[in-house]
Amino acid sequence: MIRTRFAPSPTGYLHIGGARTALFCWAHARRHGGTFILRVEDTDRERSTQESVQAILDAMAWLGLDYEGPYYQMERLARYRAVADGLIAAGHAYHCYATREEIDALREEQRAKGDKPRYDGRWRPENARRFGLKPPAGRQPVVRFRNPDAGEVGFDDLVKGPISVGNAEMDDLVILRGDGIPTYNFGVVVDDIDMNITHVIRGDDHVNNTPRQINIYRALGAALPKFAHVPMILGADGERLSKRHGAVSVMQYRDEGYLPEALVNYLARLGWSHGDEEIFSRERFVEWFDLGHVSRSPARFDPGKLAWLNQQYLKTVENARLARLVAPVLEGLGAKIGRGPALEPVVALLKDRATTVVHLAEAATLFYAEPGARAVPGELREPLAALRTRLESAPWDRKSLSGAVSAVLKEHNLKMPQLAMALRVLLTGREQTPSLDALLELLGRETVLARLAGQLERR
């Protein structure tokens, strides 16, 4: 049974890179009928917040990534302590009483000599005996993992291929802090073992952690999962993705009017492909997804491409759903929806040109706002009055409304732009609107006649 996990730290929002990783983990599990787990790594007590936890949960729900969990590391502290005690008893870990100041001084000394800064193993039991080190009274020790001194750690990454690191390159890392909280490299291994994770799919900034973790797996006598490190996402300029490139909260994209299916589609194509397919459903993505087609090269985030993709999805969204999304945005813009036409036909008319829900709402405001007093050009007063008279009895459909306008143009020897521009401004206060017949139809007979009458009465 395939089991994957996404394990964010709740120290901020869920950003694009994390969402892409979660999507790949979710898709791999779903493709193989497996289980996808959400695990919140909340052991950074200074930076972890409940607000960030909720932001992660909200983003996962909005993207439609269902999961088992969530599980929280801070609820498992007794388990980490028990595993650390077992490693100590087996000779794979030991208590270290070196202070932060002593470690900092050691590293400065090593740098001065041109050596790689690393812990020197002074509190390994045999070294402590040799140097006559005694546990200082009242000092809480950390627990360090005893990394093998010789040999290599190798694994076959499902994205990057074979990777090998010499044990001599690694020192004895802290696995349990003095307060009993596990470090990342220890907590993640214990969790992945306990949760039977078969595939660890994560960003390639974790590649250097993997050999250390493999040694902990082996010390615990546990089977190794398969590892897949996906490349990072860069900005369009080739620099590491940041807020200025669009690396903002996933929920900010919701607030800016992007559809979750569009963002999922876009994230799927960041570093993975299925031929030349650009637009595909979540279900098709799961059917196609395989780690073998994840690129080894960094992906580039292109806000313009995301906006284009969102536009394509907006064109196909059910009008009822789109109206529900647009309504609160319209109200936030001060529009009085109850004073205008039904929202569904409005979004149906406007959605093909919109790039976001917000953009669509902004365009829709013309149907729900009074145009204000406008000057009626003298030469158009008579034609507009004639049009109003025709509209009083004309059937209220686009074909008939277009015919009424054409008849007035012919009677008064006018060109369409001459009348249409003035009519748009008088009815909506805007020079640019959808086609005139569609505008008249949606505004409705009562509104059109009332606004025309009011404007014509002014001198």
# chains A, B, ... in the order shown; residues from 1 in each chain; ligands from 1
$ select_by_dssp --residues "region 93-262 of chain A" --states "strand (DSSP E or B)" --output "ChimeraX atom specification"
/A:93-96,142-145,152-157,161-166,174-176,182,199-203,226-230,233-234,240
$ select_by_dssp --residues "region 177-208 of chain A" --states "alpha helix (DSSP H)" --output "PyMOL selection string"
chain A and resi 184-194
$ atom_distance --atom1 "CA of Leu452 (chain A)" --atom2 "CA of Ala385 (chain A)"
8.0 Å
$ atom_distance --atom1 "CA of Gly378 (chain A)" --atom2 "CA of Leu449 (chain A)"
19.0 Å
$ residues_around --residues "region 71-81 of chain A" --least-positions-apart "4" --cutoff "6 Å" --atoms "only C-alpha atoms" --output "PyMOL selection string"
chain A and resi 39-43
$ closest_residue --among "A:Pro231, A:Pro10, A:Pro162, A:Gly372" --to "Gln50 (chain A)" --atoms "only C-alpha atoms"
A:Pro10
$ residues_around --residues "Ser406 (chain A)" --least-positions-apart "6" --cutoff "12 Å" --atoms "only C-alpha atoms" --output "list in words"
Pro383, Ala386, Leu387, Arg390, Lys399, Ser400, His412, Asn413, Leu414, Lys415, Met416, Pro417, Leu419, Ala420, Leu436 and Asp437 of chain A
$ residues_around --residues "region 263-274 of chain A" --least-positions-apart "4" --cutoff "8 Å" --atoms "only C-alpha atoms" --output "VMD selection string"
chain A and resid 16 19 to 20 23 to 24 63 230 to 231 233 258 to 259 278 to 282 285 288 to 289 293 to 301 306 309 to 310
$ write_last_selection --atoms "N, CA, C and O atoms" --output "short mmCIF file (atom, residue, chain, number, x, y, z; two decimals), in the first residue's frame"
data_model
loop_
_atom_site.label_atom_id
_atom_site.label_comp_id
_atom_site.auth_asym_id
_atom_site.auth_seq_id
_atom_site.Cartn_x
_atom_site.Cartn_y
_atom_site.Cartn_z
N ILE A 16 3.34 28.60 -2.61
CA ILE A 16 3.26 27.86 -3.88
C ILE A 16 4.14 26.61 -3.87
O ILE A 16 3.73 25.54 -4.31
N ALA A 19 2.60 23.95 -1.69
CA ALA A 19 1.38 23.43 -2.31
C ALA A 19 1.73 22.48 -3.45
O ALA A 19 1.05 21.45 -3.63
N ARG A 20 2.74 22.81 -4.24
CA ARG A 20 3.14 21.90 -5.33
C ARG A 20 3.63 20.56 -4.77
O ARG A 20 3.29 19.48 -5.29
N LEU A 23 0.67 18.59 -3.62
CA LEU A 23 -0.07 18.08 -4.78
C LEU A 23 0.58 16.83 -5.34
O LEU A 23 -0.11 15.84 -5.64
N PHE A 24 1.89 16.84 -5.47
CA PHE A 24 2.59 15.66 -6.00
C PHE A 24 2.43 14.47 -5.05
O PHE A 24 2.22 13.33 -5.49
N LEU A 63 -7.79 23.71 -2.12
CA LEU A 63 -7.19 23.03 -3.28
C LEU A 63 -7.82 21.66 -3.53
O LEU A 63 -7.60 21.07 -4.59
N VAL A 230 11.92 16.76 -5.44
CA VAL A 230 11.49 17.54 -6.60
C VAL A 230 12.23 18.87 -6.62
O VAL A 230 12.54 19.44 -5.57
N PRO A 231 12.56 19.38 -7.82
CA PRO A 231 13.35 20.61 -7.92
C PRO A 231 12.59 21.83 -7.42
O PRO A 231 11.34 21.84 -7.39
N ILE A 233 11.25 25.81 -7.22
CA ILE A 233 10.57 26.68 -8.17
C ILE A 233 11.27 28.03 -8.16
O ILE A 233 11.50 28.61 -7.11
N TYR A 258 -8.62 33.59 -8.20
CA TYR A 258 -8.23 32.41 -8.98
C TYR A 258 -9.08 31.22 -8.55
O TYR A 258 -9.51 31.12 -7.39
N LEU A 259 -9.35 30.32 -9.48
CA LEU A 259 -10.10 29.11 -9.19
C LEU A 259 -9.15 28.03 -8.70
O LEU A 259 -8.03 27.90 -9.23
N GLU A 278 -1.66 20.90 -21.61
CA GLU A 278 -1.59 22.11 -20.78
C GLU A 278 -2.78 22.22 -19.83
O GLU A 278 -2.63 22.65 -18.69
N ILE A 279 -3.96 21.87 -20.31
CA ILE A 279 -5.18 22.02 -19.51
C ILE A 279 -5.78 20.64 -19.29
O ILE A 279 -6.08 19.91 -20.24
N PHE A 280 -5.93 20.26 -18.02
CA PHE A 280 -6.47 18.95 -17.71
C PHE A 280 -7.10 18.98 -16.32
O PHE A 280 -6.75 19.79 -15.47
N SER A 281 -8.03 18.09 -16.10
CA SER A 281 -8.76 18.03 -14.84
C SER A 281 -7.89 17.40 -13.75
O SER A 281 -6.87 16.75 -14.02
N ARG A 282 -8.34 17.56 -12.52
CA ARG A 282 -7.67 16.93 -11.38
C ARG A 282 -7.66 15.40 -11.56
O ARG A 282 -6.67 14.73 -11.27
N PHE A 285 -5.13 14.39 -14.11
CA PHE A 285 -3.80 14.54 -13.53
C PHE A 285 -3.43 13.32 -12.69
O PHE A 285 -2.33 12.78 -12.80
N TRP A 288 -2.58 10.42 -14.87
CA TRP A 288 -1.32 10.54 -15.61
C TRP A 288 -0.08 10.62 -14.73
O TRP A 288 1.02 10.33 -15.19
N PHE A 289 -0.23 11.07 -13.49
CA PHE A 289 0.95 11.45 -12.71
C PHE A 289 1.88 10.27 -12.44
O PHE A 289 1.45 9.19 -12.04
N HIS A 293 8.27 11.37 -14.63
CA HIS A 293 8.18 12.53 -15.51
C HIS A 293 8.34 13.85 -14.77
O HIS A 293 8.03 14.91 -15.32
N VAL A 294 8.79 13.78 -13.52
CA VAL A 294 9.14 15.01 -12.80
C VAL A 294 10.51 15.45 -13.27
O VAL A 294 11.46 14.66 -13.29
N SER A 295 10.63 16.70 -13.65
CA SER A 295 11.89 17.21 -14.18
C SER A 295 12.96 17.31 -13.10
O SER A 295 12.66 17.55 -11.93
N ARG A 296 14.21 17.15 -13.50
CA ARG A 296 15.32 17.35 -12.57
C ARG A 296 15.73 18.82 -12.49
O ARG A 296 16.48 19.21 -11.61
N SER A 297 15.23 19.61 -13.42
CA SER A 297 15.60 21.03 -13.47
C SER A 297 14.57 21.87 -12.74
O SER A 297 13.39 21.53 -12.69
N PRO A 298 14.98 23.00 -12.18
CA PRO A 298 14.03 23.88 -11.49
C PRO A 298 12.93 24.37 -12.43
O PRO A 298 13.17 24.60 -13.61
N ALA A 299 11.74 24.49 -11.90
CA ALA A 299 10.62 25.04 -12.66
C ALA A 299 10.60 26.55 -12.50
O ALA A 299 11.18 27.10 -11.56
N ARG A 300 9.97 27.24 -13.42
CA ARG A 300 9.89 28.70 -13.37
C ARG A 300 8.42 29.13 -13.25
O ARG A 300 7.59 28.73 -14.05
N PHE A 301 8.17 29.92 -12.25
CA PHE A 301 6.81 30.40 -11.99
C PHE A 301 6.51 31.59 -12.88
O PHE A 301 7.23 32.58 -12.88
N LEU A 306 -0.29 31.57 -15.38
CA LEU A 306 -1.34 31.23 -14.42
C LEU A 306 -2.61 32.02 -14.72
O LEU A 306 -3.72 31.47 -14.69
N LEU A 309 -4.31 30.57 -17.74
CA LEU A 309 -4.95 29.29 -17.43
C LEU A 309 -6.24 29.52 -16.64
O LEU A 309 -7.26 28.87 -16.89
N ASN A 310 -6.20 30.46 -15.72
CA ASN A 310 -7.40 30.77 -14.94
C ASN A 310 -8.51 31.28 -15.85
O ASN A 310 -9.69 30.95 -15.67
#
$ residues_around --residues "Tyr217 (chain A)" --least-positions-apart "5" --cutoff "9 Å" --atoms "only C-alpha atoms" --output "list of chain:residue names"
A:Val189, A:Val190, A:Ile193, A:Arg212, A:Ala222, A:Ala223, A:Leu224
$ write_last_selection --atoms "N, CA and C atoms" --output "PDB file, in the first residue's frame"
ATOM      1  N   VAL A 189      11.953  11.027  10.779  1.00  0.00           N
ATOM      2  CA  VAL A 189      12.202   9.593  10.602  1.00  0.00           C
ATOM      3  C   VAL A 189      11.263   8.772  11.481  1.00  0.00           C
ATOM      4  N   VAL A 190      11.152   9.158  12.740  1.00  0.00           N
ATOM      5  CA  VAL A 190      10.255   8.422  13.648  1.00  0.00           C
ATOM      6  C   VAL A 190       8.827   8.457  13.127  1.00  0.00           C
ATOM      7  N   ILE A 193       8.396   6.267   9.994  1.00  0.00           N
ATOM      8  CA  ILE A 193       8.381   4.838  10.335  1.00  0.00           C
ATOM      9  C   ILE A 193       7.038   4.462  10.949  1.00  0.00           C
ATOM     10  N   ARG A 212      21.634  11.527   6.373  1.00  0.00           N
ATOM     11  CA  ARG A 212      21.568  11.485   7.834  1.00  0.00           C
ATOM     12  C   ARG A 212      20.343  10.679   8.286  1.00  0.00           C
ATOM     13  N   ALA A 222      14.770  -0.165  10.577  1.00  0.00           N
ATOM     14  CA  ALA A 222      13.540   0.053   9.811  1.00  0.00           C
ATOM     15  C   ALA A 222      13.812   0.021   8.313  1.00  0.00           C
ATOM     16  N   ALA A 223      12.797  -0.403   7.566  1.00  0.00           N
ATOM     17  CA  ALA A 223      12.913  -0.395   6.107  1.00  0.00           C
ATOM     18  C   ALA A 223      12.910   1.044   5.602  1.00  0.00           C
ATOM     19  N   LEU A 224      13.685   1.282   4.561  1.00  0.00           N
ATOM     20  CA  LEU A 224      13.752   2.631   4.001  1.00  0.00           C
ATOM     21  C   LEU A 224      12.580   2.888   3.060  1.00  0.00           C
TER      22      LEU A 224
END
$ closest_residue --among "A:Arg129, A:Arg111, A:Arg284, A:Arg398" --to "Arg30 (chain A)" --atoms "only C-alpha atoms"
A:Arg284
$ residues_around --residues "Asp237 (chain A)" --least-positions-apart "3" --cutoff "10 Å" --atoms "only C-alpha atoms" --output "number ranges by chain"
A: 234, 240-241, 245, 300-302
$ write_last_selection --atoms "N, CA and C atoms" --output "short mmCIF file (atom, residue, chain, number, x, y, z; two decimals), in the first residue's frame"
data_model
loop_
_atom_site.label_atom_id
_atom_site.label_comp_id
_atom_site.auth_asym_id
_atom_site.auth_seq_id
_atom_site.Cartn_x
_atom_site.Cartn_y
_atom_site.Cartn_z
N LEU A 234 11.62 28.52 -9.34
CA LEU A 234 12.29 29.81 -9.48
C LEU A 234 11.32 30.85 -10.04
N ARG A 240 15.59 32.61 -6.93
CA ARG A 240 14.75 31.83 -6.02
C ARG A 240 13.40 32.52 -5.85
N LEU A 241 12.33 31.73 -5.89
CA LEU A 241 10.99 32.29 -5.82
C LEU A 241 10.77 33.05 -4.51
N HIS A 245 7.81 37.48 -6.85
CA HIS A 245 7.53 36.64 -8.01
C HIS A 245 6.12 36.05 -7.96
N ARG A 300 9.97 27.24 -13.42
CA ARG A 300 9.89 28.70 -13.37
C ARG A 300 8.42 29.13 -13.25
N PHE A 301 8.17 29.92 -12.25
CA PHE A 301 6.81 30.40 -11.99
C PHE A 301 6.51 31.59 -12.88
N ASP A 302 5.42 31.49 -13.63
CA ASP A 302 5.04 32.52 -14.58
C ASP A 302 3.63 33.01 -14.26
#
$ closest_residue --among "A:Pro182, A:Gly340, A:Pro135, A:Gly166" --to "Pro148 (chain A)" --atoms "only C-alpha atoms"
A:Gly166
$ closest_residue --among "A:Lys336, A:Arg146, A:Lys351, A:Arg451" --to "Ala219 (chain A)" --atoms "only C-alpha atoms"
A:Arg146
$ closest_residue --among "A:Gln312, A:Ala55, A:Gly91, A:Ala450" --to "Glu126 (chain A)" --atoms "only C-alpha atoms"
A:Gly91
$ closest_residue --among "A:Leu314, A:Val250, A:Ile197, A:Leu366" --to "Ile337 (chain A)" --atoms "only C-alpha atoms"
A:Leu366
$ atom_distance --atom1 "CA of Val142 (chain A)" --atom2 "CA of Arg122 (chain A)"
13.2 Å
